Amino acid sequence: MEKIFPLSKNACTLVALVQSMSIVFVGIALAREPGLPGDEEFIYLPRLRAYQAADSEFYAQFLRLCDLEVAKLKDENSKDPFFIDSYGIRALCAAYDMTGNKKYLDAARSWSERMVRFQEKMIPAGAYYMNYGRKPGEPKGDWYVADCSSIAMGVLATAVRCNGTEQKRFLNSVQHFASLVMKNYVRPSGGVTDGLWPEFDEEWWCSSALFGSLSFLLYKNMGDERYLNVALGVVDWLNKLDLSNVQQPLPLSRQGPAMPMYVLEAYSAGWQYMSKDSARRKPRLLKSCGA
């Protein structure tokens, strides 16, 4: 089975890609850093209100895209990989923060519950189903840390906006996935392999960056130092790579802007933990560009 990846020859349809990428950049720009109820460290609503006032057309278009995503998520027979949905989920969480409209959070909750139900039947335990590759209950087939880290971030973004038993269920799901990866796929170098991918069994830029991003967000929410240590280890590993000339599958020459998007997501998620450490603030990709 050939790996599905954004901007590769086996990417999803153009319509799905354009929709998901539009939501990716707007959602990441507007979504607050997840924090559990009662966490007042990150005051985000004034910033969201400023976006609304500064460009009402942009704000309206963002909500129109979110409405399309709500409708899309109702199709449980969709063949789109779930990692694409996960970026839409994070955008819906931002839309809920901005408007208070529960339809956005309810869509995210419904999707997250589906992810957890699939996860409960997956082998290995803790893995997420990607909507392709290894299916729930199957002992064989490809399964990728990178895709599932994106799914986990969607579930986490939903969890921190829920309460009670539901919040605990979603948080436990994400922690179960993180434990699976930390025990089996985080290497002493700090890099992360991509799970059960026969083509490449070494540390990979994409799985490292996405699991690093998830680890920063888990530390933010759970306060467990293990997550921070893993995330900083990922950053140190990424900083040793020349990402503009990486000798790994799916390099910059093939992936184009997808590579810096994924890699820099890890840096943006962990910026507050790296802001005083100049050695960690610049990935080699930026250094090679003279940044």
# chains A, B, ... in the order shown; residues from 1 in each chain; ligands from 1

call {"tool": "residues_around", "arguments": {"residues": "Tyr128 in chain A", "least_positions_apart": "4", "cutoff": "7 Å", "atoms": "only C-alpha atoms", "output": "PyMOL selection string"}}
result
chain A and resi 115+118-119+122+148

call {"tool": "write_last_selection", "arguments": {"atoms": "N, CA, C and O atoms", "output": "CSV table (one decimal), in the first residue's frame"}}
result
chain,number,residue,atom,x,y,z
A,115,MET,N,-13.5,8.7,16.5
A,115,MET,CA,-12.1,8.3,16.6
A,115,MET,C,-11.8,7.4,17.8
A,115,MET,O,-11.0,6.4,17.7
A,118,PHE,N,-13.2,3.8,17.2
A,118,PHE,CA,-12.3,3.1,16.3
A,118,PHE,C,-11.0,2.6,17.1
A,118,PHE,O,-10.6,1.5,16.9
A,119,GLN,N,-10.5,3.6,17.8
A,119,GLN,CA,-9.3,3.3,18.6
A,119,GLN,C,-9.4,2.1,19.5
A,119,GLN,O,-8.5,1.3,19.7
A,122,MET,N,-8.4,-1.1,17.8
A,122,MET,CA,-7.2,-1.1,17.0
A,122,MET,C,-6.1,-2.0,17.6
A,122,MET,O,-6.0,-2.1,18.8
A,148,CYS,N,-1.7,9.8,12.8
A,148,CYS,CA,-2.4,9.6,14.0
A,148,CYS,C,-2.1,10.7,15.0
A,148,CYS,O,-2.9,11.0,15.9

call {"tool": "atom_distance", "arguments": {"atom1": "CA of Trp197 in chain A", "atom2": "CA of Gly133 in chain A"}}
result
10.2 Å

call {"tool": "atom_distance", "arguments": {"atom1": "CA of Ser189 in chain A", "atom2": "CA of Trp237 in chain A"}}
result
6.6 Å

call {"tool": "select_by_dssp", "arguments": {"residues": "range 68-183 of chain A", "states": "helix (DSSP H, G or I)", "output": "number ranges by chain"}}
result
A: 68-73, 82-99, 102-119, 145-159, 164-183

call {"tool": "atom_distance", "arguments": {"atom1": "CA of Gly100 in chain A", "atom2": "CA of Ala269 in chain A"}}
result
24.1 Å

call {"tool": "closest_residue", "arguments": {"among": "A:Pro251, A:Gly270, A:Gly141, A:Gly191", "to": "Phe216 in chain A", "atoms": "only C-alpha atoms"}}
result
A:Gly270
